[in-house]
Amino acid sequence: MAALALAAAPAGANVISPQPAHSPPAEDAMTLYWIGLVVAVIVIVAVNAGLIYAIRRFRSERGAEPRQVRSGAGIQRRVGLGLAALALLLFVVGIVFTEKAREVPSTGPEGLKLARSGSNPTGADPLDISATGQQWLWRYDYPNNAFSFYKLVVPVDTTVRLAVESTDVVHSWYVPELGGKVDAVPGKVNTTYFRADRVGAYDGASAQLSGQGYAAMRTEVDVVTPAQYQAFISRQRKDIQTAQNIVVKQAAHPPGSAPKYQPAVQAEPKPTNQPAPASAAGAQVFAANGCGGCHALAAAGSTGAVGPDLDKSLAPDDHAADIEEMITDPTAEIVPGYPPNVMPQDYGKSLTKTQLSDLVSYLIDSTPATP
Amino acid sequence: MTPPPGTIAPARPELVGEGFPQSRPRWIELATSAEHKDVARILITAALGFLLVALSEFLLMRLQLAIPENTFLSPVTFNRMLSLYGVTAIFLFALPLCLGLFYYVVPLQIGARGTALPRLGQSGLWLFMLGAAVIYVGYLFTPSEAGVNPLPPLSEVAFLANNGVDAWLTGAGMATLGFVLLAINLVTTMRNQRAPGMAWRRLPVFSWAGAIGCCLALVIGPIMLAAITMLMIDRNFDGVFFSDGNGGAPLLWQHLSWIFFSGVYMLVLITALGAVAEIVPALSRRPLFHRNAVIASLVAIAVLGTLAWMQNMLTAPIGVGWMYFAMLMSLALIVPFGLIIFNLIATMIGGALRIRGPLRFALGAISIASIGLASEILHSMVAVAWQLKNTTDATAATHYALIGGAVFGGFAALHYWYPKMTGRTMGESLSRLSFWAMFVGVNVTFFPLFLSGLKGQVADAYKYFGGTGVSADNLIATIGAFILAAGIILTLINALTSLRGGPAAGHDPWRGETLEWFTLSPPPAHNFDVLPDVRSDQPLRDIREAIAHRDRPAPTTAGEPRSVA
């Protein structure tokens, strides 16, 4: 019946149903939704039709003498058994479709080819990604130590096993078209599977009140081809590695103190046709700290929309000291239209002085801001 | 000279006085009274006042959500409004209204001349009032931002360090303790003070609802108190009850609080259905179709509904077996709710319906709550719940069920027993206007929220973004909220103006069958001068029949045949 309703559903059907599903578990949930909706509508119509019938037909103004009869136990037993049968039927249907939705889909032909392992001899292993909620950002950790903020990039037609965790309060990972909500509870790992069937971007949100930045704690899943995915991962890894190298180097040679010895393995990067070194290092800081997850910056190719667009909001009258204050104390001045307290307020502590000044000079170089 | 042993002191003339002169102002008399009708009147009045407060908070939130990315409220203010709205609607409106109605009506219905433990009930009332004061005074300086159900770790001191959450916990805890004390008194009264012949099987349905609801409150109240105590220890004394990695359990609060909130949900519906099951037979002039089925269903609702608490945790990391357990319990509720609604409709079919205030609101309660309860079918099916939980679809389902129960059901009960409480009937035309505004308003407000939830709008968020397809839904919902508010305010105005201006009611305006209609309106302090021997579940019908029998003229006298009903 539900499949029939689904097949016969007019174009506007997704007004009264969740968003079109693009992952097998979400499709099973959708089928179950239609079954439940049909039952719920029948129940609502039956109750209200009964009420309207009684009101129209049995008003005291009609002058009929009320019949002083009570029900026998038999009617009650029959009605009760009928309702119990309906409840049991819904329970069984609910379990059947929930079990289908819990089945782990296997990676399709278009998907990323991953090695078969002993634990999963019939098909490729799912791609393991973890989503970590923190106030108010999602961090995604891919295999091979790549990570990204705000935006999850996955290959199309590939089964993804998403381990949802939290580092602070309870969050809920929710991308309607790829499946339901998964709560991120601190100290627990909550796992979900999906397999996106179409290249594209899917909007998502956090669905559990987590404080002031809750409404802005959005996320986006970019479904790309396996080749694009591989390219993305290697780019992320390279950026992260470069940034880490700079941090390690700066820790070894604090600025202002003469280096006591030169570690053999850490060769100075050869200056090539690149921008000024401070600015280049700043670019790595920008990438490694996930700034691009929230801020659009043409120079970094980032398109995040949670925070202000840096190309537009930074003006020529913003100087180094102003930009540094914006980073370390983001609540001091808020761009109109953006909520306060969304941007983490601990960059003053988590970034070293050099990283901060590199980042500032990078932003000055790549935006209208002036030194 | 000592009196001989065993001699009683000489008899003194005994002074018996009627009507001691009142030396204190009326409000002091009322506030210090432990008499159940006075306590209940304060409770009901306070609950209706807090309904107005909750309504204004709801309107502020709806105004913020009227257009996408609105800046009318800041996220902090919105979260404060949300926390305030939740605690006001549940702890300061729905629960005191339910318990207040029970506290007024049940002793009258069972033919008691008072309650068993009046001082305990009185302390319950004032604990509740003190809790309300703590919550609102707390809000004046540092409000809670933790939402309707303050889940740790967000409500832990690491994330919300100010005293707002402490004020929330203290206030809600005191109110809950107050409700437990009121419930103890009612259960004891029902156990010990029933009129002669008032066996449990003859107890009116609303009193049964009272017994079930109070027993439910005795189960869920202490569970919430335990959770609140643990969170207070966590916040103020370095406790680790809800922290991960220290032997604590982050999900424990969710389990305990959802047992409480599911129980409250059921308590509200039990009260509403209990009242509706008194009103429908009285105003259809027909006995309830099957009493025992309705009473047994009320018991089943209390048990199954509370056991279904994990229905609220279907997205949390709990085993799938527990999810199926929650689904089974929730879906099993179809049977008792369905049976009750079947019996109510069957009572009306073949009756003579007087569509007055009480019946109008009672039918509205069935209609509105049926929409909410039917949508709960969807929300209890595990895979669907993964999609719909914590979207505005869930907000809409809960509000349909609870506004149907607490507001429509509560107003039905108010219209029905208002003549008993005040001696006057509530104005009929204002009542009709208010009903239609509320009925239209609740649908215009919450139906669009079903649709926006399906498009993925999450609940409790202070804003949404344009281009996500939910802007029109939210604007319509905001308009509807004002219609709903206008309707609710009209009934509150009606209740106020009818205090003086309502038509005089007499002791039995609805031709009820239960004992509260046997006494004066308003009843004297001791409730009954004389009590009949109760012989059936319709004692007033028995009395009317006896009178008719006594008055029946000799067969020779011609006259109109009298109807007995």
# chains A, B, ... in the order shown; residues from 1 in each chain; ligands from 1

call {"tool": "residues_around", "arguments": {"residues": "B:Gln109", "least_positions_apart": "3", "cutoff": "9 Å", "atoms": "only C-alpha atoms", "output": "NGL selection string"}}
result
:B and (105-106 or 112 or 194 or 203-204 or 206-207 or 514-517)

call {"tool": "residues_around", "arguments": {"residues": "B:Leu169", "least_positions_apart": "2", "cutoff": "9 Å", "atoms": "only C-alpha atoms", "output": "PyMOL selection string"}}
result
chain B and resi 135+164-167+171-174+228-229+231-232

call {"tool": "closest_residue", "arguments": {"among": "A:Gly348, A:Pro176, A:Pro316, A:Gly111", "to": "A:Ala227", "atoms": "only C-alpha atoms"}}
result
A:Gly111

call {"tool": "interface_residues", "arguments": {"of": "chain B", "to": "chain A", "cutoff": "6 Å", "atoms": "only C-alpha atoms", "output": "PyMOL selection string"}}
result
chain B and resi 75-76+153-154+244+286+289-290+315-317+331-332+335+348-354+367+371+374+378+381+383-384+386-387+454-455+458+461

call {"tool": "closest_residue", "arguments": {"among": "A:Lys151, A:Arg235, A:Lys249, A:Arg198", "to": "A:Ala131", "atoms": "only C-alpha atoms"}}
result
A:Lys151

call {"tool": "select_by_dssp", "arguments": {"residues": "stretch 69-165 of chain A", "states": "strand (DSSP E or B)", "output": "PyMOL selection string"}}
result
chain A and resi 127-134+137-141+147-149+151-155+159-165

call {"tool": "write_last_selection", "arguments": {"atoms": "N, CA and C atoms", "output": "short mmCIF file (atom, residue, chain, number, x, y, z; two decimals), in the first residue's frame"}}
result
data_model
loop_
_atom_site.label_atom_id
_atom_site.label_comp_id
_atom_site.auth_asym_id
_atom_site.auth_seq_id
_atom_site.Cartn_x
_atom_site.Cartn_y
_atom_site.Cartn_z
N LEU A 127 33.72 2.99 4.24
CA LEU A 127 34.67 4.05 4.49
C LEU A 127 34.41 4.59 5.90
N ASP A 128 35.43 4.55 6.74
CA ASP A 128 35.26 4.96 8.13
C ASP A 128 35.55 6.43 8.30
N ILE A 129 34.55 7.17 8.72
CA ILE A 129 34.75 8.59 8.99
C ILE A 129 34.15 8.88 10.35
N SER A 130 34.77 9.73 11.12
CA SER A 130 34.13 10.09 12.38
C SER A 130 33.70 11.55 12.33
N ALA A 131 32.53 11.79 12.90
CA ALA A 131 32.01 13.16 12.99
C ALA A 131 32.02 13.53 14.46
N THR A 132 32.75 14.58 14.80
CA THR A 132 32.83 14.97 16.20
C THR A 132 32.16 16.32 16.37
N GLY A 133 31.12 16.34 17.19
CA GLY A 133 30.45 17.60 17.46
C GLY A 133 31.16 18.34 18.56
N GLN A 134 31.33 19.64 18.37
CA GLN A 134 31.84 20.48 19.45
C GLN A 134 31.10 21.78 19.31
N LEU A 137 30.49 23.39 15.94
CA LEU A 137 31.13 23.04 14.69
C LEU A 137 31.20 21.53 14.61
N TRP A 138 31.10 20.99 13.41
CA TRP A 138 31.34 19.57 13.23
C TRP A 138 32.73 19.38 12.65
N ARG A 139 33.50 18.45 13.23
CA ARG A 139 34.81 18.12 12.71
C ARG A 139 34.73 16.71 12.16
N TYR A 140 35.25 16.51 10.94
CA TYR A 140 35.22 15.20 10.31
C TYR A 140 36.63 14.67 10.19
N ASP A 141 36.87 13.46 10.69
CA ASP A 141 38.18 12.83 10.59
C ASP A 141 38.09 11.68 9.60
N PHE A 147 41.54 15.66 8.02
CA PHE A 147 40.31 16.08 8.69
C PHE A 147 39.80 17.35 8.06
N SER A 148 38.53 17.66 8.30
CA SER A 148 37.97 18.91 7.80
C SER A 148 36.93 19.38 8.80
N PHE A 149 36.60 20.66 8.71
CA PHE A 149 35.57 21.20 9.57
C PHE A 149 34.36 21.58 8.74
N LYS A 151 32.40 20.93 6.61
CA LYS A 151 32.00 20.26 5.38
C LYS A 151 32.55 18.84 5.36
N LEU A 152 31.64 17.87 5.14
CA LEU A 152 32.07 16.48 5.01
C LEU A 152 32.11 16.14 3.53
N VAL A 153 33.24 15.65 3.06
CA VAL A 153 33.36 15.27 1.66
C VAL A 153 33.39 13.75 1.59
N VAL A 154 32.45 13.15 0.84
CA VAL A 154 32.42 11.69 0.72
C VAL A 154 32.29 11.32 -0.75
N PRO A 155 32.83 10.16 -1.11
CA PRO A 155 32.67 9.69 -2.49
C PRO A 155 31.26 9.14 -2.70
N THR A 159 29.63 3.17 0.69
CA THR A 159 29.09 3.06 2.04
C THR A 159 30.01 3.77 3.02
N VAL A 160 29.43 4.66 3.76
CA VAL A 160 30.21 5.40 4.76
C VAL A 160 29.72 4.97 6.14
N ARG A 161 30.68 4.59 6.98
CA ARG A 161 30.34 4.32 8.38
C ARG A 161 30.74 5.54 9.16
N LEU A 162 29.73 6.26 9.66
CA LEU A 162 30.00 7.51 10.36
C LEU A 162 29.91 7.26 11.86
N ALA A 163 31.03 7.46 12.56
CA ALA A 163 31.03 7.33 14.02
C ALA A 163 30.83 8.72 14.60
N VAL A 164 29.68 8.93 15.26
CA VAL A 164 29.34 10.26 15.74
C VAL A 164 29.70 10.38 17.21
N GLU A 165 30.52 11.35 17.52
CA GLU A 165 30.99 11.55 18.90
C GLU A 165 30.85 13.02 19.26
#

call {"tool": "select_by_dssp", "arguments": {"residues": "stretch 46-161 of chain B", "states": "helix (DSSP H, G or I)", "output": "VMD selection string"}}
result
chain B and resid 46 to 64 75 to 109 118 to 141

call {"tool": "residues_around", "arguments": {"residues": "A:Gly200", "least_positions_apart": "5", "cutoff": "9 Å", "atoms": "only C-alpha atoms", "output": "JSON, numbers by chain"}}
result
{"A": [156, 221, 222, 223, 224]}

call {"tool": "residues_around", "arguments": {"residues": "stretch 295-304 of chain B", "least_positions_apart": "5", "cutoff": "8 Å", "atoms": "only C-alpha atoms", "output": "PyMOL selection string"}}
result
chain B and resi 205+208-209+212-213+216+263+266-267+270+329-330+332-333+335-337+339-340
